[in-house]
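With mmCIF, C-alpha atoms inside, this is data_10.cif:
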```cif
data_protein
#
loop_
_atom_site.label_atom_id
_atom_site.label_comp_id
_atom_site.auth_asym_id
_atom_site.auth_seq_id
_atom_site.Cartn_x
_atom_site.Cartn_y
_atom_site.Cartn_z
CA MET A 15 -6.41 -1.94 -23.14
CA ASN A 16 -7.81 -1.12 -26.58
CA PHE A 17 -10.72 1.25 -26.04
CA CYS A 18 -11.40 4.36 -23.94
CA ASN A 19 -13.77 3.55 -21.07
CA ALA A 20 -15.04 7.14 -21.12
CA CYS A 21 -16.00 7.57 -24.80
CA GLY A 22 -15.32 4.20 -26.47
CA GLY A 23 -12.62 5.68 -28.76
CA ARG A 24 -9.47 3.78 -29.80
CA LEU A 25 -6.55 3.96 -27.35
CA VAL A 26 -3.06 4.69 -28.60
CA SER A 27 0.17 4.31 -26.67
CA LYS A 28 1.88 7.70 -26.41
CA LEU A 29 3.82 10.05 -24.18
CA PRO A 30 1.46 12.67 -22.71
CA ARG A 31 2.79 16.23 -22.41
CA ASP A 32 4.65 16.71 -19.08
CA ASP A 33 4.91 12.95 -18.56
CA ASP A 34 7.96 10.72 -18.79
CA ARG A 35 6.43 7.40 -19.80
CA GLU A 36 4.02 6.15 -22.43
CA ARG A 37 0.37 5.82 -21.40
CA HIS A 38 -2.80 4.57 -23.03
CA VAL A 39 -4.32 7.79 -24.42
CA CYS A 40 -7.71 8.08 -26.18
CA SER A 41 -7.37 9.11 -29.82
CA GLU A 42 -10.87 10.67 -29.65
CA CYS A 43 -11.30 12.47 -26.30
CA GLY A 44 -7.67 12.58 -25.14
CA THR A 45 -8.29 10.91 -21.77
CA VAL A 46 -5.09 9.42 -20.31
CA HIS A 47 -5.65 5.97 -18.80
CA TYR A 48 -3.16 5.40 -16.01
CA GLN A 49 -2.43 1.93 -14.68
CA ASN A 50 -1.12 1.42 -11.15
CA PRO A 51 -0.29 -1.44 -8.80
CA LYS A 52 -2.97 -2.91 -6.55
CA ILE A 53 -2.91 -3.58 -2.82
CA VAL A 54 -3.51 -7.05 -1.41
CA THR A 55 -4.47 -6.69 2.24
CA GLY A 56 -4.87 -9.43 4.83
CA CYS A 57 -3.70 -10.74 8.16
CA LEU A 58 -1.98 -13.52 10.05
CA PRO A 59 -4.59 -14.53 12.64
CA VAL A 60 -3.09 -15.99 15.82
CA TRP A 61 -4.83 -18.06 18.50
CA LYS A 62 -2.61 -19.10 21.43
CA ASP A 63 0.43 -20.78 19.80
CA SER A 64 -1.26 -21.39 16.47
CA VAL A 65 -1.89 -19.48 13.26
CA LEU A 66 -5.00 -19.70 11.09
CA LEU A 67 -4.60 -20.74 7.46
CA CYS A 68 -7.16 -21.26 4.68
CA LYS A 69 -7.06 -23.95 1.99
CA ARG A 70 -7.99 -22.24 -1.25
CA ALA A 71 -11.12 -23.42 -3.05
CA ILE A 72 -10.42 -21.21 -6.09
CA GLU A 73 -7.66 -20.64 -8.59
CA PRO A 74 -4.89 -19.60 -8.55
CA ARG A 75 -3.34 -22.24 -6.28
CA ARG A 76 -6.54 -24.13 -5.53
CA GLY A 77 -5.94 -26.67 -2.72
CA PHE A 78 -2.95 -24.78 -1.28
CA TRP A 79 -2.82 -22.93 2.04
CA THR A 80 -2.80 -19.17 2.51
CA VAL A 81 -3.41 -16.47 5.07
CA PRO A 82 -6.71 -14.61 4.57
CA ALA A 83 -5.97 -11.79 2.12
CA GLY A 84 -7.32 -10.22 -1.05
CA PHE A 85 -7.55 -7.09 -3.15
CA MET A 86 -8.36 -3.90 -1.27
CA GLU A 87 -11.70 -2.51 -2.44
CA LEU A 88 -12.80 1.09 -3.05
CA ASP A 89 -14.17 3.00 -0.05
CA GLU A 90 -12.39 0.95 2.60
CA THR A 91 -9.19 1.21 4.62
CA VAL A 92 -6.39 -1.39 4.52
CA GLN A 93 -7.49 -2.41 8.02
CA GLN A 94 -11.14 -2.83 7.00
CA GLY A 95 -10.04 -4.81 3.95
CA ALA A 96 -7.94 -7.20 6.06
CA ILE A 97 -10.84 -7.76 8.48
CA ARG A 98 -13.30 -8.22 5.59
CA GLU A 99 -11.10 -10.78 3.82
CA THR A 100 -10.68 -12.72 7.07
CA TRP A 101 -14.44 -12.93 7.44
CA GLU A 102 -14.99 -13.84 3.77
CA GLU A 103 -12.38 -16.58 3.63
CA ALA A 104 -12.37 -17.96 7.17
CA ARG A 105 -15.59 -16.68 8.80
CA ALA A 106 -13.31 -15.50 11.61
CA ARG A 107 -13.29 -12.26 13.60
CA VAL A 108 -9.94 -10.65 14.41
CA ASP A 109 -8.39 -7.70 16.20
CA LEU A 110 -5.55 -6.30 14.11
CA LEU A 111 -2.33 -5.74 16.08
CA ALA A 112 0.07 -4.02 13.68
CA PRO A 113 1.24 -4.03 10.06
CA TYR A 114 3.81 -6.81 9.82
CA ALA A 115 4.68 -7.55 6.16
CA LEU A 116 4.91 -5.00 3.35
CA PHE A 117 6.11 -6.86 0.28
CA ASN A 118 6.41 -5.68 -3.32
CA LEU A 119 5.43 -8.08 -6.10
CA PRO A 120 6.49 -6.08 -9.15
CA HIS A 121 6.07 -9.03 -11.55
CA VAL A 122 2.30 -8.92 -10.91
CA ASN A 123 2.10 -5.23 -9.93
CA GLN A 124 0.86 -5.88 -6.42
CA VAL A 125 1.81 -4.62 -2.98
CA TYR A 126 1.08 -7.15 -0.24
CA LEU A 127 0.28 -5.80 3.23
CA ILE A 128 -0.28 -8.23 6.09
CA PHE A 129 -1.20 -7.36 9.67
CA ARG A 130 -0.54 -9.48 12.70
CA ALA A 131 -3.93 -10.21 14.22
CA ARG A 132 -5.51 -11.93 17.21
CA LEU A 133 -8.49 -14.25 16.71
CA ILE A 134 -11.27 -12.94 18.93
CA SER A 135 -12.49 -16.52 19.50
CA PRO A 136 -11.60 -19.93 18.05
CA ASP A 137 -14.75 -19.84 15.91
CA PHE A 138 -14.13 -20.17 12.20
CA ARG A 139 -15.23 -22.16 9.19
CA PRO A 140 -14.55 -22.08 5.46
CA GLY A 141 -16.08 -19.20 3.51
CA PRO A 142 -17.02 -19.71 -0.16
CA GLU A 143 -13.42 -19.25 -1.36
CA SER A 144 -11.95 -21.84 1.06
CA GLN A 145 -12.08 -25.64 1.17
CA ASP A 146 -10.87 -25.77 4.74
CA VAL A 147 -9.70 -23.49 7.56
CA LYS A 148 -7.40 -24.74 10.32
CA LEU A 149 -5.15 -23.70 13.17
CA PHE A 150 -1.52 -24.80 12.75
CA GLY A 151 1.24 -24.88 15.34
CA GLU A 152 4.78 -24.08 14.19
CA ARG A 153 5.65 -27.78 13.75
CA SER A 154 2.58 -28.54 11.64
CA ILE A 155 2.76 -25.69 9.09
CA PRO A 156 2.25 -27.24 5.61
CA TRP A 157 5.42 -25.66 4.20
CA ASP A 158 5.27 -27.71 0.99
CA ASP A 159 1.65 -26.80 0.35
CA LEU A 160 1.63 -23.03 0.82
CA ALA A 161 -0.12 -21.08 -1.93
CA PHE A 162 2.27 -18.15 -2.40
CA GLY A 163 5.81 -16.99 -1.67
CA THR A 164 4.35 -14.08 0.28
CA VAL A 165 2.67 -16.51 2.70
CA ARG A 166 5.86 -18.54 3.14
CA GLN A 167 7.89 -15.39 3.79
CA THR A 168 5.37 -13.99 6.27
CA LEU A 169 5.29 -17.25 8.24
CA GLN A 170 9.10 -17.57 8.22
CA PHE A 171 9.47 -14.07 9.64
CA TYR A 172 6.75 -14.72 12.20
CA PHE A 173 8.32 -17.85 13.65
CA GLN A 174 11.73 -16.17 13.55
CA ASP A 175 10.44 -13.11 15.46
CA ARG A 176 8.14 -14.86 17.91
CA PRO A 177 10.80 -16.11 20.38
CA GLN A 178 11.86 -12.48 20.94
CA GLY A 179 8.27 -11.24 21.13
CA ARG A 180 9.23 -8.34 18.85
CA TYR A 181 7.64 -7.97 15.44
CA PRO A 182 9.24 -5.18 13.41
CA LEU A 183 7.59 -4.37 10.10
CA ARG A 184 9.20 -6.58 7.46
CA THR A 185 9.67 -5.01 4.04
CA GLY A 186 11.05 -6.45 0.85
CA THR A 187 10.43 -7.65 -2.66
CA ILE A 188 9.44 -10.99 -4.11
CA LEU A 189 11.49 -11.23 -7.30
CA ALA A 190 10.53 -13.59 -10.11
CA GLU A 191 13.68 -14.71 -11.88
CA GLU A 192 13.87 -17.50 -14.44
CA GLY A 193 10.59 -18.93 -13.21
CA LYS A 194 11.74 -18.99 -9.57
CA PHE A 195 10.83 -16.67 -6.71
CA ARG A 196 13.34 -15.07 -4.39
CA PHE A 197 12.78 -12.71 -1.45
CA GLU A 198 15.01 -9.68 -1.12
CA ALA A 199 14.78 -7.67 2.11
CA ALA A 200 14.52 -3.93 1.52
CA PRO A 201 17.42 -1.79 2.77
CA ASP A 202 14.80 -0.04 4.89
CA ASP A 203 13.69 -3.24 6.62
CA GLN A 204 13.57 -2.17 10.25
CA LEU A 205 16.05 -4.84 11.33
CA ALA A 206 18.67 -3.19 9.13
CA GLN A 207 18.49 0.01 11.24
CA MET B 5 -16.65 4.08 -16.89
CA ASN B 6 -18.99 3.58 -19.87
CA PHE B 7 -17.16 1.31 -22.29
CA CYS B 8 -15.17 -1.91 -22.08
CA ASN B 9 -11.47 -1.23 -22.66
CA ALA B 10 -11.03 -4.75 -24.07
CA CYS B 11 -13.77 -4.82 -26.77
CA GLY B 12 -15.40 -1.35 -26.74
CA GLY B 13 -18.79 -2.78 -25.65
CA ARG B 14 -21.17 -0.94 -23.30
CA LEU B 15 -20.53 -1.47 -19.57
CA VAL B 16 -23.39 -2.26 -17.23
CA SER B 17 -23.31 -2.20 -13.45
CA LYS B 18 -24.10 -5.66 -12.11
CA LEU B 19 -23.25 -8.28 -9.53
CA PRO B 20 -20.92 -10.90 -11.05
CA ARG B 21 -21.49 -14.52 -10.03
CA ASP B 22 -19.56 -15.37 -6.81
CA ASP B 23 -19.08 -11.68 -6.03
CA ASP B 24 -20.69 -9.58 -3.32
CA ARG B 25 -20.65 -6.13 -4.87
CA GLU B 26 -21.67 -4.56 -8.18
CA ARG B 27 -18.93 -4.14 -10.78
CA HIS B 28 -18.69 -2.62 -14.23
CA VAL B 29 -19.28 -5.63 -16.49
CA CYS B 30 -19.12 -5.60 -20.30
CA SER B 31 -22.48 -6.36 -21.93
CA GLU B 32 -20.65 -7.76 -24.99
CA CYS B 33 -17.64 -9.79 -23.84
CA GLY B 34 -18.48 -10.18 -20.13
CA THR B 35 -15.15 -8.77 -18.86
CA VAL B 36 -15.42 -7.55 -15.25
CA HIS B 37 -13.67 -4.21 -14.72
CA TYR B 38 -12.48 -3.99 -11.12
CA GLN B 39 -11.53 -0.66 -9.56
CA ASN B 40 -9.13 -0.52 -6.63
CA PRO B 41 -7.38 2.11 -4.51
CA LYS B 42 -4.03 3.53 -5.60
CA ILE B 43 -0.82 3.91 -3.65
CA VAL B 44 0.87 7.28 -3.19
CA THR B 45 4.50 6.67 -2.23
CA GLY B 46 7.04 9.22 -1.08
CA CYS B 47 9.40 10.22 1.69
CA LEU B 48 10.27 12.76 4.33
CA PRO B 49 13.87 13.69 3.45
CA VAL B 50 15.91 14.85 6.44
CA TRP B 51 19.20 16.78 6.44
CA LYS B 52 20.66 17.49 9.89
CA ASP B 53 17.80 19.14 11.84
CA SER B 54 15.80 20.09 8.78
CA VAL B 55 13.26 18.46 6.47
CA LEU B 56 12.95 18.98 2.73
CA LEU B 57 9.66 20.28 1.35
CA CYS B 58 8.57 21.12 -2.21
CA LYS B 59 6.33 24.00 -3.26
CA ARG B 60 3.90 22.59 -5.80
CA ALA B 61 3.97 24.04 -9.32
CA ILE B 62 0.91 22.05 -10.40
CA GLU B 63 -2.67 21.53 -9.30
CA PRO B 64 -4.05 20.37 -6.98
CA ARG B 65 -2.75 22.75 -4.30
CA ARG B 66 -0.42 24.74 -6.53
CA GLY B 67 1.78 27.03 -4.42
CA PHE B 68 1.47 24.89 -1.27
CA TRP B 69 4.20 22.79 0.35
CA THR B 70 4.43 19.02 0.31
CA VAL B 71 6.83 16.16 0.84
CA PRO B 72 7.98 14.49 -2.39
CA ALA B 73 5.35 11.83 -3.20
CA GLY B 74 3.22 10.58 -6.05
CA PHE B 75 1.40 7.63 -7.55
CA MET B 76 3.28 4.35 -7.54
CA GLU B 77 3.89 3.18 -11.13
CA LEU B 78 3.75 -0.28 -12.66
CA ASP B 79 6.96 -2.36 -12.51
CA GLU B 80 8.43 -0.61 -9.49
CA THR B 81 8.56 -1.17 -5.73
CA VAL B 82 7.18 1.29 -3.16
CA GLN B 83 10.80 2.09 -2.30
CA GLN B 84 11.76 2.75 -5.92
CA GLY B 85 8.66 4.91 -6.32
CA ALA B 86 9.56 7.04 -3.29
CA ILE B 87 13.12 7.54 -4.55
CA ARG B 88 11.88 8.34 -8.08
CA GLU B 89 9.37 10.93 -6.87
CA THR B 90 12.02 12.59 -4.72
CA TRP B 91 14.25 12.94 -7.76
CA GLU B 92 11.41 14.15 -10.01
CA GLU B 93 10.09 16.78 -7.61
CA ALA B 94 13.21 17.88 -5.72
CA ARG B 95 16.16 16.63 -7.78
CA ALA B 96 17.40 15.14 -4.53
CA ARG B 97 18.96 11.74 -3.75
CA VAL B 98 17.91 9.93 -0.60
CA ASP B 99 18.55 6.79 1.41
CA LEU B 100 15.27 5.42 2.72
CA LEU B 101 15.33 4.58 6.44
CA ALA B 102 11.97 2.94 7.18
CA PRO B 103 8.26 3.18 6.40
CA TYR B 104 6.87 5.85 8.72
CA ALA B 105 3.32 6.83 7.69
CA LEU B 106 0.65 4.50 6.29
CA PHE B 107 -2.52 6.53 5.94
CA ASN B 108 -5.82 5.60 4.32
CA LEU B 109 -7.62 8.25 2.28
CA PRO B 110 -10.89 6.46 1.53
CA HIS B 111 -12.60 9.61 0.18
CA VAL B 112 -10.16 9.60 -2.75
CA ASN B 113 -9.39 5.85 -2.73
CA GLN B 114 -5.71 6.30 -2.00
CA VAL B 115 -3.26 4.74 0.43
CA TYR B 116 -0.42 7.08 1.36
CA LEU B 117 2.92 5.50 2.29
CA ILE B 118 5.78 7.73 3.43
CA PHE B 119 9.30 6.62 4.35
CA ARG B 120 11.67 8.47 6.60
CA ALA B 121 14.73 9.25 4.49
CA ARG B 122 18.17 10.79 4.71
CA LEU B 123 19.32 13.27 2.08
CA ILE B 124 22.58 11.94 0.70
CA SER B 125 23.84 15.50 0.19
CA PRO B 126 22.29 18.97 0.50
CA ASP B 127 22.02 19.20 -3.30
CA PHE B 128 18.51 19.78 -4.56
CA ARG B 129 16.56 22.03 -6.89
CA PRO B 130 12.99 22.22 -8.15
CA GLY B 131 11.95 19.57 -10.66
CA PRO B 132 9.28 20.39 -13.27
CA GLU B 133 6.42 19.87 -10.79
CA SER B 134 7.88 22.19 -8.11
CA GLN B 135 8.22 25.97 -7.88
CA ASP B 136 10.69 25.79 -5.04
CA VAL B 137 12.43 23.23 -2.80
CA LYS B 138 13.73 24.19 0.64
CA LEU B 139 14.99 22.83 3.94
CA PHE B 140 12.86 23.77 6.94
CA GLY B 141 13.73 23.54 10.63
CA GLU B 142 10.92 22.67 13.04
CA ARG B 143 10.26 26.33 13.86
CA SER B 144 10.00 27.41 10.23
CA ILE B 145 7.58 24.76 8.89
CA PRO B 146 4.92 26.58 6.83
CA TRP B 147 2.04 24.98 8.76
CA ASP B 148 -0.57 27.27 7.18
CA ASP B 149 0.65 26.58 3.67
CA LEU B 150 0.91 22.79 3.59
CA ALA B 151 -0.67 21.14 0.57
CA PHE B 152 -2.39 18.16 2.15
CA GLY B 153 -3.60 16.78 5.49
CA THR B 154 -1.31 13.81 4.98
CA VAL B 155 1.72 16.11 4.93
CA ARG B 156 0.60 17.96 8.08
CA GLN B 157 0.00 14.68 9.90
CA THR B 158 3.35 13.20 8.84
CA LEU B 159 5.23 16.31 10.01
CA GLN B 160 3.32 16.46 13.31
CA PHE B 161 4.20 12.84 14.07
CA TYR B 162 7.81 13.40 13.04
CA PHE B 163 8.42 16.35 15.36
CA GLN B 164 6.54 14.53 18.13
CA ASP B 165 8.71 11.39 17.74
CA ARG B 166 12.06 13.06 17.09
CA PRO B 167 12.91 13.99 20.70
CA GLN B 168 12.70 10.27 21.63
CA GLY B 169 14.61 9.20 18.53
CA ARG B 170 12.01 6.44 18.01
CA TYR B 171 9.86 6.39 14.91
CA PRO B 172 7.17 3.71 15.06
CA LEU B 173 5.11 3.22 11.92
CA ARG B 174 2.13 5.55 12.18
CA THR B 175 -1.13 4.23 10.74
CA GLY B 176 -4.52 5.86 10.47
CA THR B 177 -7.18 7.33 8.27
CA ILE B 178 -7.80 10.83 6.95
CA LEU B 179 -11.57 11.21 7.15
CA ALA B 180 -13.40 13.84 5.11
CA GLU B 181 -16.47 14.95 7.02
CA GLU B 182 -18.65 17.93 6.15
CA GLY B 183 -15.88 19.41 4.03
CA LYS B 184 -13.30 19.11 6.84
CA PHE B 185 -10.50 16.63 7.31
CA ARG B 186 -9.82 14.74 10.50
CA PHE B 187 -7.11 12.18 11.29
CA GLU B 188 -8.07 9.04 13.15
CA ALA B 189 -5.24 6.81 14.40
CA ALA B 190 -5.79 3.13 13.60
CA PRO B 191 -6.26 0.78 16.56
CA ASP B 192 -3.20 -1.02 15.20
CA ASP B 193 -1.01 2.11 15.37
CA GLN B 194 2.17 0.74 16.97
CA LEU B 195 1.97 3.17 19.87
CA ALA B 196 -1.31 1.57 20.88
CA GLN B 197 0.47 -1.76 21.55
#
```

Write-out of the structure in structure tokens:
Amino acid sequence: MNFCNACGGRLVSKLPRDDDRERHVCSECGTVHYQNPKIVTGCLPVWKDSVLLCKRAIEPRRGFWTVPAGFMELDETVQQGAIRETWEEARARVDLLAPYALFNLPHVNQVYLIFRARLISPDFRPGPESQDVKLFGERSIPWDDLAFGTVRQTLQFYFQDRPQGRYPLRTGTILAEEGKFRFEAAPDDQLAQ
Amino acid sequence: MNFCNACGGRLVSKLPRDDDRERHVCSECGTVHYQNPKIVTGCLPVWKDSVLLCKRAIEPRRGFWTVPAGFMELDETVQQGAIRETWEEARARVDLLAPYALFNLPHVNQVYLIFRARLISPDFRPGPESQDVKLFGERSIPWDDLAFGTVRQTLQFYFQDRPQGRYPLRTGTILAEEGKFRFEAAPDDQLAQ
């Protein structure tokens, strides 16, 4: 961030009055440019005993498998965003059941929100951002070829919870430490109650 | 948004290749400037039979009562943000219990996430953004002087759920229609299961 998107003036890093952290502030018009984390919204689509995964056709992690998910857009709800991403990436229609994973990714300033969902029919095909879309049973999940730690963690929780038929909201943080990723359940994870 | 914050060039509204909606794109360096919703994180602090509310000292809704909440910052988790806001606005320390309200506010491009929380002690006082901080029993909630529809909705759900001692995550959307606000529960609200 170098220039003010309102007036084109130079940005300086400074502490605004009544604030407690430095912000990008315009040296010409004084506009404060806040930066905040973004929401990635998506779902885990289920059909009978299988879950739907998409093989990414784009970077990052091209060729690896993910659940349908992407950045929430303006003027939509998290639910609409999850349904939209599922259509864009897998050309699949879903009914959302409930929020299931709420993970922080502070190293990339994202919050990842995944719903459990039911495929309305077993009709799907790759959208432009996917090379392939497939249903996987628990024994055939491509654990070594998953795109992101968030996907791995969501699937682990799902297969752990499924025998009980209870799916509490799972909350926690993906921590990047020395180039490795580690999941830390939040103290408010509902299983800790 | 008029100018590119990377190079200072003029922004134009156009459809980037492989995208499906218009974005602000720099006419000089080609940078695409995405805009996404922001997360407001906070909590409903409870002490015995009472809940903690803050009387706002700043606009919007100066003089009206709210739960401690505010924009999630970079480099923090939603949980850390909720705890930070509670300290900033009410000088109170809390243990978060579980996510309780997840509301969309598409008319302002915000997602509102509120945790149920337990005050660690009945020590609190107004922070710089509050005129007053007080504990309210159910019968003394200032319903006519609440700052936001999100606060009203969170409190209504809380007092509705409290007799059962069960607090499912509540999800829905605050819709602004003809200058009025209306809450619409999401089909994935856990009570609809």

Hits of the PyMOL selection byres ((chain A and resi 199) around 12) in this structure, as a PyMOL selection string: (chain A and resi 115-118+167+171+183-189+196-198+200-206) or (chain B and resi 81+83)

Excluding range 121-129 of chain B and its own-chain neighbours fewer than 6 positions away, which residues fall within 10 Å of it when counting all atoms listed in the file? Please give them as JSON, numbers by chain. {"A": [202], "B": [46, 47, 48, 49, 50, 51, 52, 55, 56, 58, 86, 87, 90, 91, 92, 93, 94, 95, 96, 97, 98, 99, 100, 101, 102, 103, 104, 135, 136, 137, 138, 139]}

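What the PyMOL selection byres ((chain A) within 6 of (chain B)) matches in the given file is A:Met15, A:Asn16, A:Phe17, A:Cys18, A:Asn19, A:Ala20, A:Gly22, A:Asn50, A:Pro51, A:Glu87, A:Leu88, A:Asp89, A:Glu90, A:Thr91, A:Leu110, A:Leu111, A:Ala112, A:Asn118, A:Pro120, A:Asn123, A:Asp202.
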
Measure the distance from CA of Asp159 in chain A to CA of Ile72 in chain A in Å and round it to one decimal. 14.8 Å

If you apply the PyMOL selection byres ((chain B and resi 16) around 6) to this file, what residues do you get, as a list in words?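 Matching residues under the PyMOL selection byres ((chain B and resi 16) around 6) are Leu15, Ser17, His28 and Val29 of chain B.
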
Selected residues, C-alpha atoms, written as an mmCIF file, in the coordinates of the input, please.
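Saved to part-v3.cif:
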```cif
data_model
loop_
_atom_site.group_PDB
_atom_site.id
_atom_site.type_symbol
_atom_site.label_atom_id
_atom_site.label_comp_id
_atom_site.auth_asym_id
_atom_site.auth_seq_id
_atom_site.Cartn_x
_atom_site.Cartn_y
_atom_site.Cartn_z
ATOM 1 C CA LEU B 15 -20.530 -1.470 -19.570
ATOM 2 C CA SER B 17 -23.310 -2.200 -13.450
ATOM 3 C CA HIS B 28 -18.690 -2.620 -14.230
ATOM 4 C CA VAL B 29 -19.280 -5.630 -16.490
#
```
